[in-house]
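Student: Structure file work10.cif, mmCIF, C-alpha atoms (C1' of nucleotides), is pasted below:
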data_upload
loop_
_atom_site.group_PDB
_atom_site.id
_atom_site.type_symbol
_atom_site.label_atom_id
_atom_site.label_comp_id
_atom_site.auth_asym_id
_atom_site.auth_seq_id
_atom_site.Cartn_x
_atom_site.Cartn_y
_atom_site.Cartn_z
ATOM 1 C CA MET T 1 26.330 11.398 16.285
ATOM 2 C CA LYS T 2 25.830 11.765 12.576
ATOM 3 C CA ILE T 3 22.750 10.334 10.973
ATOM 4 C CA SER T 4 24.060 6.945 9.885
ATOM 5 C CA GLU T 5 25.422 6.121 13.325
ATOM 6 C CA ALA T 6 22.203 7.298 14.964
ATOM 7 C CA ALA T 7 20.181 5.202 12.550
ATOM 8 C CA ALA T 8 22.312 2.142 13.221
ATOM 9 C CA VAL T 9 22.035 2.585 16.988
ATOM 10 C CA CYS T 10 18.258 2.959 16.759
ATOM 11 C CA GLY T 11 17.709 0.147 14.311
ATOM 12 C CA LEU T 12 16.144 2.390 11.688
ATOM 13 C CA PRO T 13 17.050 3.096 8.063
ATOM 14 C CA VAL T 14 18.832 6.403 7.509
ATOM 15 C CA LYS T 15 16.092 7.448 5.112
ATOM 16 C CA THR T 16 13.504 6.937 7.812
ATOM 17 C CA VAL T 17 15.402 8.975 10.376
ATOM 18 C CA ARG T 18 15.671 11.807 7.865
ATOM 19 C CA TYR T 19 11.985 11.420 7.081
ATOM 20 C CA TYR T 20 11.077 11.681 10.768
ATOM 21 C CA ALA T 21 13.100 14.878 10.951
ATOM 22 C CA ASP T 22 11.381 16.271 7.850
ATOM 23 C CA ILE T 23 7.897 15.721 9.224
ATOM 24 C CA GLY T 24 8.864 17.044 12.627
ATOM 25 C CA LEU T 25 8.357 13.772 14.478
ATOM 26 C CA VAL T 26 11.895 13.512 15.817
ATOM 27 C CA ALA T 27 13.921 16.585 14.906
ATOM 28 C CA ALA T 28 17.705 16.524 14.893
ATOM 29 C CA PRO T 29 18.638 18.766 17.812
ATOM 30 C CA ALA T 30 21.479 20.577 16.030
ATOM 31 C CA ARG T 31 23.297 21.095 12.764
ATOM 32 C CA GLY T 32 27.009 21.848 12.563
ATOM 33 C CA THR T 33 28.579 24.231 10.076
ATOM 34 C CA SER T 34 28.655 21.371 7.597
ATOM 35 C CA GLY T 35 24.886 21.252 7.567
ATOM 36 C CA TYR T 36 24.974 17.699 8.887
ATOM 37 C CA ARG T 37 22.324 16.618 11.384
ATOM 38 C CA HIS T 38 23.670 15.726 14.829
ATOM 39 C CA TYR T 39 21.747 13.466 17.170
ATOM 40 C CA ASP T 40 22.157 13.464 20.949
ATOM 41 C CA GLN T 41 21.052 10.871 23.485
ATOM 42 C CA ALA T 42 17.600 12.396 23.935
ATOM 43 C CA ALA T 43 16.944 12.251 20.205
ATOM 44 C CA ILE T 44 18.237 8.691 20.085
ATOM 45 C CA ARG T 45 15.831 7.714 22.830
ATOM 46 C CA LYS T 46 12.947 9.269 20.941
ATOM 47 C CA LEU T 47 13.872 7.437 17.759
ATOM 48 C CA ILE T 48 13.946 4.124 19.576
ATOM 49 C CA PHE T 49 10.634 4.963 21.212
ATOM 50 C CA VAL T 50 9.088 5.671 17.815
ATOM 51 C CA ARG T 51 10.502 2.486 16.326
ATOM 52 C CA ARG T 52 8.867 0.442 19.072
ATOM 53 C CA ALA T 53 5.582 2.303 18.807
ATOM 54 C CA ARG T 54 5.555 1.819 15.024
ATOM 55 C CA ALA T 55 6.210 -1.883 15.552
ATOM 56 C CA PHE T 56 2.896 -1.976 17.435
ATOM 57 C CA GLY T 57 1.307 -0.407 14.389
ATOM 58 C CA PHE T 58 0.705 3.005 15.929
ATOM 59 C CA SER T 59 0.329 5.650 13.239
ATOM 60 C CA ILE T 60 2.737 8.542 12.949
ATOM 61 C CA ASP T 61 0.107 10.777 14.529
ATOM 62 C CA ASP T 62 -0.299 8.330 17.394
ATOM 63 C CA CYS T 63 3.476 8.380 17.759
ATOM 64 C CA ARG T 64 3.366 12.154 18.030
ATOM 65 C CA GLU T 65 0.892 11.928 20.889
ATOM 66 C CA LEU T 66 2.753 9.115 22.573
ATOM 67 C CA LEU T 67 6.031 11.019 22.292
ATOM 68 C CA SER T 68 4.535 14.090 23.872
ATOM 69 C CA LEU T 69 3.140 11.974 26.703
ATOM 70 C CA TYR T 70 6.530 10.302 27.019
ATOM 71 C CA GLU T 71 8.103 13.728 27.469
ATOM 72 C CA ASP T 72 5.399 14.949 29.858
ATOM 73 C CA ARG T 73 6.237 14.287 33.477
ATOM 74 C CA HIS T 74 2.705 15.259 34.452
ATOM 75 C CA ARG T 75 0.958 12.946 32.032
ATOM 76 C CA SER T 76 -1.984 10.815 33.029
ATOM 77 C CA SER T 77 -1.496 7.152 32.312
ATOM 78 C CA ALA T 78 -5.170 7.220 31.287
ATOM 79 C CA ASP T 79 -4.216 9.232 28.201
ATOM 80 C CA VAL T 80 -1.608 6.677 27.209
ATOM 81 C CA ARG T 81 -3.958 3.830 27.890
ATOM 82 C CA HIS T 82 -6.648 5.446 25.784
ATOM 83 C CA ILE T 83 -4.407 5.549 22.719
ATOM 84 C CA ALA T 84 -3.227 1.997 23.269
ATOM 85 C CA LEU T 85 -6.765 0.737 23.749
ATOM 86 C CA ARG T 86 -7.839 2.371 20.526
ATOM 87 C CA ARG T 87 -5.034 0.587 18.713
ATOM 88 C CA LEU T 88 -5.957 -2.669 20.424
ATOM 89 C CA ARG T 89 -9.544 -2.354 19.186
ATOM 90 C CA ASP T 90 -8.245 -1.708 15.679
ATOM 91 C CA ILE T 91 -6.136 -4.825 15.853
ATOM 92 C CA GLU T 92 -9.080 -6.870 17.083
ATOM 93 C CA GLN T 93 -11.245 -5.525 14.282
ATOM 94 C CA LYS T 94 -8.648 -6.472 11.712
ATOM 95 C CA GLN T 95 -8.272 -9.882 13.275
ATOM 96 C CA LYS T 96 -11.979 -10.530 12.848
ATOM 97 C CA GLU T 97 -11.871 -9.430 9.228
ATOM 98 C CA LEU T 98 -8.842 -11.575 8.503
ATOM 99 C CA GLN T 99 -10.418 -14.536 10.225
ATOM 100 C CA SER T 100 -13.461 -14.577 7.997
ATOM 101 C CA LEU T 101 -11.388 -13.895 4.897
ATOM 102 C CA HIS T 102 -9.158 -16.751 5.900
ATOM 103 C CA ASP T 103 -11.993 -19.168 6.525
ATOM 104 C CA ASP T 104 -13.765 -18.375 3.271
ATOM 105 C CA LEU T 105 -10.636 -18.488 1.182
ATOM 106 C CA ALA T 106 -9.313 -21.629 2.845
ATOM 107 C CA HIS T 107 -12.624 -23.303 2.119
ATOM 108 C CA LEU T 108 -12.380 -22.400 -1.558
ATOM 109 C CA VAL T 109 -8.729 -23.396 -1.889
ATOM 110 C CA ASP T 110 -9.628 -26.676 -0.255
ATOM 111 C CA ALA T 111 -12.419 -27.280 -2.708
ATOM 112 C CA CYS T 112 -10.276 -26.549 -5.748
ATOM 113 C CA ARG T 113 -8.658 -29.585 -7.330
ATOM 114 C CA GLY T 114 -5.719 -27.558 -8.584
ATOM 115 C CA ASP T 115 -5.227 -29.640 -11.697
ATOM 116 C CA SER T 116 -5.020 -28.888 -15.409
ATOM 117 C CA ARG T 117 -8.764 -28.669 -15.915
ATOM 118 C CA PRO T 118 -10.614 -25.326 -15.990
ATOM 119 C CA ASN T 119 -13.251 -26.240 -13.446
ATOM 120 C CA CYS T 120 -12.658 -24.096 -10.380
ATOM 121 C CA PRO T 121 -14.773 -23.279 -7.330
ATOM 122 C CA ILE T 122 -12.679 -20.185 -6.680
ATOM 123 C CA ILE T 123 -13.522 -18.699 -10.055
ATOM 124 C CA ASP T 124 -17.117 -19.809 -9.596
ATOM 125 C CA TYR T 125 -17.324 -18.003 -6.296
ATOM 126 C CA LEU T 126 -15.949 -14.782 -7.743
ATOM 127 C CA SER T 127 -18.195 -14.907 -10.809
ATOM 128 C CA MET F 1 -25.312 1.487 -19.283
ATOM 129 C CA LYS F 2 -23.626 4.719 -18.328
ATOM 130 C CA ILE F 3 -21.042 4.699 -15.612
ATOM 131 C CA SER F 4 -23.196 5.592 -12.631
ATOM 132 C CA GLU F 5 -25.714 2.867 -13.350
ATOM 133 C CA ALA F 6 -22.957 0.344 -13.963
ATOM 134 C CA ALA F 7 -21.301 1.357 -10.702
ATOM 135 C CA ALA F 8 -24.579 1.022 -8.801
ATOM 136 C CA VAL F 9 -25.271 -2.412 -10.283
ATOM 137 C CA CYS F 10 -21.776 -3.616 -9.411
ATOM 138 C CA GLY F 11 -21.696 -2.119 -5.954
ATOM 139 C CA LEU F 12 -18.663 0.031 -6.679
ATOM 140 C CA PRO F 13 -18.088 3.795 -6.477
ATOM 141 C CA VAL F 14 -18.161 5.583 -9.831
ATOM 142 C CA LYS F 15 -14.652 6.837 -9.203
ATOM 143 C CA THR F 16 -13.417 3.313 -8.761
ATOM 144 C CA VAL F 17 -15.015 2.103 -11.984
ATOM 145 C CA ARG F 18 -13.377 4.962 -13.851
ATOM 146 C CA TYR F 19 -10.103 4.167 -12.127
ATOM 147 C CA TYR F 20 -10.318 0.531 -13.202
ATOM 148 C CA ALA F 21 -10.848 1.726 -16.760
ATOM 149 C CA ASP F 22 -7.868 4.099 -16.525
ATOM 150 C CA ILE F 23 -5.475 1.408 -15.366
ATOM 151 C CA GLY F 24 -6.798 -1.062 -17.934
ATOM 152 C CA LEU F 25 -8.201 -3.497 -15.402
ATOM 153 C CA VAL F 26 -11.773 -3.373 -16.675
ATOM 154 C CA ALA F 27 -12.054 -1.221 -19.759
ATOM 155 C CA ALA F 28 -15.339 0.270 -20.863
ATOM 156 C CA PRO F 29 -16.131 -1.608 -24.068
ATOM 157 C CA ALA F 30 -17.365 1.428 -26.021
ATOM 158 C CA ARG F 31 -17.784 5.166 -26.044
ATOM 159 C CA GLY F 32 -20.659 6.936 -27.765
ATOM 160 C CA THR F 33 -20.389 10.221 -29.627
ATOM 161 C CA SER F 34 -20.802 11.974 -26.277
ATOM 162 C CA GLY F 35 -17.559 10.498 -25.059
ATOM 163 C CA TYR F 36 -19.407 8.725 -22.269
ATOM 164 C CA ARG F 37 -18.281 5.246 -21.295
ATOM 165 C CA HIS F 38 -20.833 2.510 -21.929
ATOM 166 C CA TYR F 39 -20.763 -0.754 -20.028
ATOM 167 C CA ASP F 40 -22.250 -3.997 -21.318
ATOM 168 C CA GLN F 41 -23.052 -7.186 -19.432
ATOM 169 C CA ALA F 42 -19.591 -8.667 -19.905
ATOM 170 C CA ALA F 43 -17.966 -5.578 -18.417
ATOM 171 C CA ILE F 44 -20.474 -5.592 -15.572
ATOM 172 C CA ARG F 45 -19.585 -9.192 -14.792
ATOM 173 C CA LYS F 46 -15.903 -8.339 -14.740
ATOM 174 C CA LEU F 47 -16.493 -5.430 -12.399
ATOM 175 C CA ILE F 48 -18.401 -7.630 -10.000
ATOM 176 C CA PHE F 49 -15.681 -10.253 -10.252
ATOM 177 C CA VAL F 50 -13.069 -7.666 -9.359
ATOM 178 C CA ARG F 51 -15.114 -6.340 -6.466
ATOM 179 C CA ARG F 52 -15.313 -9.821 -4.970
ATOM 180 C CA ALA F 53 -11.643 -10.531 -5.563
ATOM 181 C CA ARG F 54 -10.700 -7.223 -3.959
ATOM 182 C CA ALA F 55 -12.879 -8.105 -0.973
ATOM 183 C CA PHE F 56 -10.587 -11.116 -0.463
ATOM 184 C CA GLY F 57 -7.687 -8.709 -0.440
ATOM 185 C CA PHE F 58 -6.274 -9.719 -3.810
ATOM 186 C CA SER F 59 -4.106 -6.951 -5.223
ATOM 187 C CA ILE F 60 -4.964 -5.228 -8.484
ATOM 188 C CA ASP F 61 -2.258 -7.274 -10.176
ATOM 189 C CA ASP F 62 -3.718 -10.464 -8.748
ATOM 190 C CA CYS F 63 -7.087 -9.330 -10.060
ATOM 191 C CA ARG F 64 -5.563 -8.929 -13.506
ATOM 192 C CA GLU F 65 -4.343 -12.506 -13.438
ATOM 193 C CA LEU F 66 -7.573 -13.814 -12.003
ATOM 194 C CA LEU F 67 -9.589 -11.937 -14.615
ATOM 195 C CA SER F 68 -7.531 -13.373 -17.423
ATOM 196 C CA LEU F 69 -7.994 -16.860 -15.965
ATOM 197 C CA TYR F 70 -11.696 -16.129 -15.608
ATOM 198 C CA GLU F 71 -11.810 -15.307 -19.299
ATOM 199 C CA ASP F 72 -9.695 -18.274 -20.322
ATOM 200 C CA ARG F 73 -11.764 -21.330 -21.133
ATOM 201 C CA HIS F 74 -8.579 -23.396 -21.221
ATOM 202 C CA ARG F 75 -7.292 -22.338 -17.829
ATOM 203 C CA SER F 76 -5.859 -24.782 -15.344
ATOM 204 C CA SER F 77 -7.528 -24.605 -11.961
ATOM 205 C CA ALA F 78 -4.013 -25.094 -10.602
ATOM 206 C CA ASP F 79 -3.126 -21.571 -11.732
ATOM 207 C CA VAL F 80 -6.106 -20.119 -9.916
ATOM 208 C CA ARG F 81 -5.406 -22.171 -6.859
ATOM 209 C CA HIS F 82 -1.802 -21.011 -6.835
ATOM 210 C CA ILE F 83 -2.808 -17.360 -6.664
ATOM 211 C CA ALA F 84 -5.404 -18.044 -3.991
ATOM 212 C CA LEU F 85 -2.970 -20.073 -1.940
ATOM 213 C CA ARG F 86 -0.429 -17.300 -2.072
ATOM 214 C CA ARG F 87 -3.054 -14.898 -0.764
ATOM 215 C CA LEU F 88 -4.037 -17.386 1.916
ATOM 216 C CA ARG F 89 -0.427 -17.615 3.091
ATOM 217 C CA ASP F 90 -0.260 -13.829 3.229
ATOM 218 C CA ILE F 91 -3.386 -13.738 5.342
ATOM 219 C CA GLU F 92 -1.985 -16.371 7.686
ATOM 220 C CA GLN F 93 1.262 -14.457 8.001
ATOM 221 C CA LYS F 94 -0.597 -11.299 8.886
ATOM 222 C CA GLN F 95 -2.742 -13.190 11.352
ATOM 223 C CA LYS F 96 0.350 -14.388 13.176
ATOM 224 C CA GLU F 97 1.777 -10.895 13.299
ATOM 225 C CA LEU F 98 -1.478 -9.443 14.551
ATOM 226 C CA GLN F 99 -1.802 -12.144 17.147
ATOM 227 C CA SER F 100 1.504 -11.348 18.780
ATOM 228 C CA LEU F 101 0.906 -7.611 18.522
ATOM 229 C CA HIS F 102 -2.459 -8.162 20.135
ATOM 230 C CA ASP F 103 -1.135 -10.282 22.953
ATOM 231 C CA ASP F 104 1.705 -7.922 23.778
ATOM 232 C CA LEU F 105 -0.431 -4.810 23.604
ATOM 233 C CA ALA F 106 -3.320 -6.359 25.539
ATOM 234 C CA HIS F 107 -0.873 -7.330 28.257
ATOM 235 C CA LEU F 108 0.390 -3.751 28.521
ATOM 236 C CA VAL F 109 -3.075 -2.194 28.438
ATOM 237 C CA ASP F 110 -4.069 -4.585 31.164
ATOM 238 C CA ALA F 111 -1.117 -3.626 33.306
ATOM 239 C CA CYS F 112 -1.773 0.112 32.957
ATOM 240 C CA ARG F 113 -3.883 1.638 35.706
ATOM 241 C CA GLY F 114 -5.250 4.295 33.397
ATOM 242 C CA ASP F 115 -5.539 6.914 36.109
ATOM 243 C CA SER F 116 -4.302 10.473 36.530
ATOM 244 C CA ARG F 117 -0.811 9.472 37.582
ATOM 245 C CA PRO F 118 2.110 9.435 35.136
ATOM 246 C CA ASN F 119 3.276 5.927 35.946
ATOM 247 C CA CYS F 120 2.672 3.794 32.866
ATOM 248 C CA PRO F 121 3.895 0.346 31.804
ATOM 249 C CA ILE F 122 3.070 1.157 28.187
ATOM 250 C CA ILE F 123 5.416 4.115 28.142
ATOM 251 C CA ASP F 124 7.972 2.077 30.068
ATOM 252 C CA TYR F 125 7.851 -0.656 27.459
ATOM 253 C CA LEU F 126 8.348 1.787 24.606
ATOM 254 C CA SER F 127 11.212 3.618 26.337
ATOM 255 C "C1'" DC H 1 48.297 19.569 -1.633
ATOM 256 C "C1'" DC H 2 45.283 16.660 -4.084
ATOM 257 C "C1'" DT H 3 42.413 13.117 -4.796
ATOM 258 C "C1'" DT H 4 39.386 9.477 -3.718
ATOM 259 C "C1'" DG H 5 35.780 7.357 -1.421
ATOM 260 C "C1'" DA H 6 32.492 7.482 2.011
ATOM 261 C "C1'" DC H 7 29.490 10.169 3.942
ATOM 262 C "C1'" DC H 8 26.066 13.966 4.000
ATOM 263 C "C1'" DT H 9 22.537 17.301 1.907
ATOM 264 C "C1'" DT H 10 18.084 18.496 -0.799
ATOM 265 C "C1'" DC H 11 14.645 17.452 -4.010
ATOM 266 C "C1'" DC H 12 11.768 14.686 -6.997
ATOM 267 C "C1'" DA H 13 9.393 10.534 -8.157
ATOM 268 C "C1'" DG H 14 7.249 6.175 -7.174
ATOM 269 C "C1'" DT H 15 4.731 2.914 -4.227
ATOM 270 C "C1'" DT H 16 -1.110 1.101 -3.349
ATOM 271 C "C1'" DA H 17 -5.652 1.760 -4.538
ATOM 272 C "C1'" DC H 18 -8.169 4.834 -4.588
ATOM 273 C "C1'" DT H 19 -10.719 9.608 -3.372
ATOM 274 C "C1'" DG H 20 -11.838 14.598 -3.666
ATOM 275 C "C1'" DG H 21 -12.344 18.451 -6.341
ATOM 276 C "C1'" DA H 22 -12.108 21.774 -10.239
ATOM 277 C "C1'" DA H 23 -13.328 23.077 -14.866
ATOM 278 C "C1'" DA H 24 -15.673 22.026 -18.752
ATOM 279 C "C1'" DG H 25 -18.745 19.265 -21.966
ATOM 280 C "C1'" DC H 26 -23.262 16.472 -22.652
ATOM 281 C "C1'" DT H 27 -28.220 15.355 -21.879
ATOM 282 C "C1'" DT H 28 -32.724 15.785 -20.695
ATOM 283 C "C1'" DA H 29 -36.854 17.591 -18.630
ATOM 284 C "C1'" DA H 30 -39.498 21.738 -17.766
ATOM 285 C "C1'" DT L 1 -33.697 27.900 -23.475
ATOM 286 C "C1'" DT L 2 -32.061 27.015 -19.463
ATOM 287 C "C1'" DA L 3 -30.974 24.620 -15.430
ATOM 288 C "C1'" DA L 4 -30.058 20.387 -13.127
ATOM 289 C "C1'" DG L 5 -27.627 16.521 -13.235
ATOM 290 C "C1'" DC L 6 -24.960 13.757 -15.509
ATOM 291 C "C1'" DT L 7 -20.277 12.963 -17.745
ATOM 292 C "C1'" DT L 8 -15.326 13.925 -19.048
ATOM 293 C "C1'" DT L 9 -10.171 14.892 -17.966
ATOM 294 C "C1'" DC L 10 -6.672 16.219 -15.009
ATOM 295 C "C1'" DC L 11 -4.370 17.364 -10.727
ATOM 296 C "C1'" DA L 12 -3.545 16.620 -5.954
ATOM 297 C "C1'" DG L 13 -3.692 14.140 -1.693
ATOM 298 C "C1'" DT L 14 -3.755 9.977 1.232
ATOM 299 C "C1'" DA L 15 0.377 6.735 4.701
ATOM 300 C "C1'" DA L 16 4.819 6.051 5.489
ATOM 301 C "C1'" DC L 17 8.263 5.516 3.545
ATOM 302 C "C1'" DT L 18 11.954 4.214 -0.367
ATOM 303 C "C1'" DG L 19 15.001 4.888 -4.429
ATOM 304 C "C1'" DG L 20 17.780 7.736 -6.969
ATOM 305 C "C1'" DA L 21 20.078 11.906 -8.846
ATOM 306 C "C1'" DA L 22 22.982 15.937 -8.281
ATOM 307 C "C1'" DG L 23 25.931 18.092 -5.490
ATOM 308 C "C1'" DG L 24 28.445 19.498 -0.827
ATOM 309 C "C1'" DT L 25 31.742 17.772 3.161
ATOM 310 C "C1'" DC L 26 35.253 15.244 5.402
ATOM 311 C "C1'" DA L 27 39.149 12.137 6.535
ATOM 312 C "C1'" DA L 28 42.854 9.378 4.991
ATOM 313 C "C1'" DG L 29 46.467 8.134 1.778
ATOM 314 C "C1'" DG L 30 49.945 9.317 -1.620
#
Take the structure in the file and write it out as C-alpha cells.
Tutor:
Amino acid sequence: MKISEAAAVCGLPVKTVRYYADIGLVAAPARGTSGYRHYDQAAIRKLIFVRRARAFGFSIDDCRELLSLYEDRHRSSADVRHIALRRLRDIEQKQKELQSLHDDLAHLVDACRGDSRPNCPIIDYLS
Amino acid sequence: MKISEAAAVCGLPVKTVRYYADIGLVAAPARGTSGYRHYDQAAIRKLIFVRRARAFGFSIDDCRELLSLYEDRHRSSADVRHIALRRLRDIEQKQKELQSLHDDLAHLVDACRGDSRPNCPIIDYLS
DNA sequence: CCTTGACCTTCCAGTTACTGGAAAGCTTAA
DNA sequence: TTAAGCTTTCCAGTAACTGGAAGGTCAAGG
C-alpha cells in the first residue's frame, strides 16, 4: 500500500503518516526502487492504534510506550494501566481548571449588559 | 521601572514581558540612554491586564483586542462581551470533549486488572 | 513514444506562547 | 577598577503537525 491509501485506510492525513515515519513512531516497513514508502498490515494496525491513542490525548511519547507494550506479548497490564491512569489524572486536572475558568467567566459574561455603553464588568475584572 | 521590577510587580516572568514588547502587545514606553526598557504605571497596568486575560485562556490576539477596548473610553460593552462569550463557548466545547474522553478512559482503566499479565482492555480498545 | 496528471519524495517555514541560553553591553557597590 | 548583577539582542527549541515548493515516478491516453 502506498502512503495515500494507507492514510485513507487509517483515517489519518498523509502528512501525518509521513511525519510519524520521520520521527520513528510508525516506520514504513519497506521502500521500493521508486523510493515510495510501502505499508503492510502490521504498519496499518500500528497507525490505527496511534490514531486512537492520540484521540485520547496521549502524547507522542506515550504512544511510543503504548505501541511497544502493544507489540510485547509479555507485557504487564499494570504498565499499560499506569500510563492510562496518568493521562486520566491529567484530564481530571484540566477539567478542574476549565471548570473554574468557566464559572468565573460565565459569571462575568452574565453580569455584562452587552450594550453600546462602555461600562463593563469584564474589563473591570481584568483591570 | 526596569524590566525585572516591572515583571515582579506584574507577576510575570521577565522573558514574557520582553516577549510582549517584541510582539507589540505591551510596548515599553521609553528607553534610556542605556538601551534599557523603562515601564511606567500605564504599561504596568496593561501587563497586569494581559496576565489576567491570559489566565482566562484568551489568546494573544484576543488580548490585543481586549487591550484596545480597555483603552477605548468609547467602547461598547457588547464588543467585550462578544469576545468573552466566544472564549466561554470554546471552554464549554473543550469541557464536553474532556468529559467524554474522561468517561471512556476511566471505564477502560477500571476494567484493566493492572497486574503482571498481558491481558488488557486498554490495549484491546486501541487495537 | 510522449505527454499529462496524479501521485510520491525531501526540505523549509509557520503555527502558539513562550523559554533557555549565549555573547555582549550597562550599572553600581566595594 | 573590578566584579557582580543587571540588561540587551539573537538563535534555537518546545508539541504535533500543516502548508507549500521543487522535483522524481508512474499509469493511462493519444
Student: So how many Å separate atom CA of Val50 of chain F and atom CA of Tyr70 of chain F, to one decimal?
Tutor: 10.6 Å
Student: Using all atoms listed in the file, find the residues of chain T whose closest atom to chain F is at most 9 Å away, then write them as a PyMOL selection string.
Tutor: chain T and resi 45-46+48-53+55-57+66+69-70+72-82+84-85+87-88+91-92+94-95+98-99+101-102+104-106+108-109+112-127
Student: Using the selection just defined, write its residues with C-alpha atoms as an mmCIF file, keeping the file's coordinate frame.
Tutor:
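Dumped everything to part.cif:
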data_model
loop_
_atom_site.group_PDB
_atom_site.id
_atom_site.type_symbol
_atom_site.label_atom_id
_atom_site.label_comp_id
_atom_site.auth_asym_id
_atom_site.auth_seq_id
_atom_site.Cartn_x
_atom_site.Cartn_y
_atom_site.Cartn_z
ATOM 1 C CA ARG T 45 15.831 7.714 22.830
ATOM 2 C CA LYS T 46 12.947 9.269 20.941
ATOM 3 C CA ILE T 48 13.946 4.124 19.576
ATOM 4 C CA PHE T 49 10.634 4.963 21.212
ATOM 5 C CA VAL T 50 9.088 5.671 17.815
ATOM 6 C CA ARG T 51 10.502 2.486 16.326
ATOM 7 C CA ARG T 52 8.867 0.442 19.072
ATOM 8 C CA ALA T 53 5.582 2.303 18.807
ATOM 9 C CA ALA T 55 6.210 -1.883 15.552
ATOM 10 C CA PHE T 56 2.896 -1.976 17.435
ATOM 11 C CA GLY T 57 1.307 -0.407 14.389
ATOM 12 C CA LEU T 66 2.753 9.115 22.573
ATOM 13 C CA LEU T 69 3.140 11.974 26.703
ATOM 14 C CA TYR T 70 6.530 10.302 27.019
ATOM 15 C CA ASP T 72 5.399 14.949 29.858
ATOM 16 C CA ARG T 73 6.237 14.287 33.477
ATOM 17 C CA HIS T 74 2.705 15.259 34.452
ATOM 18 C CA ARG T 75 0.958 12.946 32.032
ATOM 19 C CA SER T 76 -1.984 10.815 33.029
ATOM 20 C CA SER T 77 -1.496 7.152 32.312
ATOM 21 C CA ALA T 78 -5.170 7.220 31.287
ATOM 22 C CA ASP T 79 -4.216 9.232 28.201
ATOM 23 C CA VAL T 80 -1.608 6.677 27.209
ATOM 24 C CA ARG T 81 -3.958 3.830 27.890
ATOM 25 C CA HIS T 82 -6.648 5.446 25.784
ATOM 26 C CA ALA T 84 -3.227 1.997 23.269
ATOM 27 C CA LEU T 85 -6.765 0.737 23.749
ATOM 28 C CA ARG T 87 -5.034 0.587 18.713
ATOM 29 C CA LEU T 88 -5.957 -2.669 20.424
ATOM 30 C CA ILE T 91 -6.136 -4.825 15.853
ATOM 31 C CA GLU T 92 -9.080 -6.870 17.083
ATOM 32 C CA LYS T 94 -8.648 -6.472 11.712
ATOM 33 C CA GLN T 95 -8.272 -9.882 13.275
ATOM 34 C CA LEU T 98 -8.842 -11.575 8.503
ATOM 35 C CA GLN T 99 -10.418 -14.536 10.225
ATOM 36 C CA LEU T 101 -11.388 -13.895 4.897
ATOM 37 C CA HIS T 102 -9.158 -16.751 5.900
ATOM 38 C CA ASP T 104 -13.765 -18.375 3.271
ATOM 39 C CA LEU T 105 -10.636 -18.488 1.182
ATOM 40 C CA ALA T 106 -9.313 -21.629 2.845
ATOM 41 C CA LEU T 108 -12.380 -22.400 -1.558
ATOM 42 C CA VAL T 109 -8.729 -23.396 -1.889
ATOM 43 C CA CYS T 112 -10.276 -26.549 -5.748
ATOM 44 C CA ARG T 113 -8.658 -29.585 -7.330
ATOM 45 C CA GLY T 114 -5.719 -27.558 -8.584
ATOM 46 C CA ASP T 115 -5.227 -29.640 -11.697
ATOM 47 C CA SER T 116 -5.020 -28.888 -15.409
ATOM 48 C CA ARG T 117 -8.764 -28.669 -15.915
ATOM 49 C CA PRO T 118 -10.614 -25.326 -15.990
ATOM 50 C CA ASN T 119 -13.251 -26.240 -13.446
ATOM 51 C CA CYS T 120 -12.658 -24.096 -10.380
ATOM 52 C CA PRO T 121 -14.773 -23.279 -7.330
ATOM 53 C CA ILE T 122 -12.679 -20.185 -6.680
ATOM 54 C CA ILE T 123 -13.522 -18.699 -10.055
ATOM 55 C CA ASP T 124 -17.117 -19.809 -9.596
ATOM 56 C CA TYR T 125 -17.324 -18.003 -6.296
ATOM 57 C CA LEU T 126 -15.949 -14.782 -7.743
ATOM 58 C CA SER T 127 -18.195 -14.907 -10.809
#
Student: With all atoms listed in the file as the counted atoms, please give the residues lying no more than 8 Å from segment 17-19 of chain L, apart from itself and same-chain residues fewer than 6 positions off, as a list of chain:residue names.
Tutor: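 So, after excluding close chain neighbours, the residues are T:Lys15, T:Thr16, T:Tyr19.
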Student: Please identify every residue of chain T that has at least one atom no more than 9 Å from any atom of chain H, counting all atoms listed in the file, and report them as a ChimeraX atom specification.
Tutor: /T:2-4,34-37
Student: To one decimal in Å, tell me the separation between atom CA of Ala8 of chain F and atom CA of Ala27 of chain F.
Tutor: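 That distance, rounded to one decimal, is 16.8 Å.
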Student: Rounded to one decimal place, report the atom CA of Glu5 of chain F-atom C1' of DG5 of chain L distance in Å.
Tutor: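 That distance, rounded to one decimal, is 13.8 Å.
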Student: Tell me the residues of chain L close to chain F, meaning within 9 Å using all atoms listed in the file, as an mmCIF file with C-alpha atoms (C1' of nucleotides), in the frame of the given file.
Tutor:
data_model
loop_
_atom_site.group_PDB
_atom_site.id
_atom_site.type_symbol
_atom_site.label_atom_id
_atom_site.label_comp_id
_atom_site.auth_asym_id
_atom_site.auth_seq_id
_atom_site.Cartn_x
_atom_site.Cartn_y
_atom_site.Cartn_z
ATOM 1 C "C1'" DC L 6 -24.960 13.757 -15.509
ATOM 2 C "C1'" DT L 7 -20.277 12.963 -17.745
ATOM 3 C "C1'" DT L 8 -15.326 13.925 -19.048
#
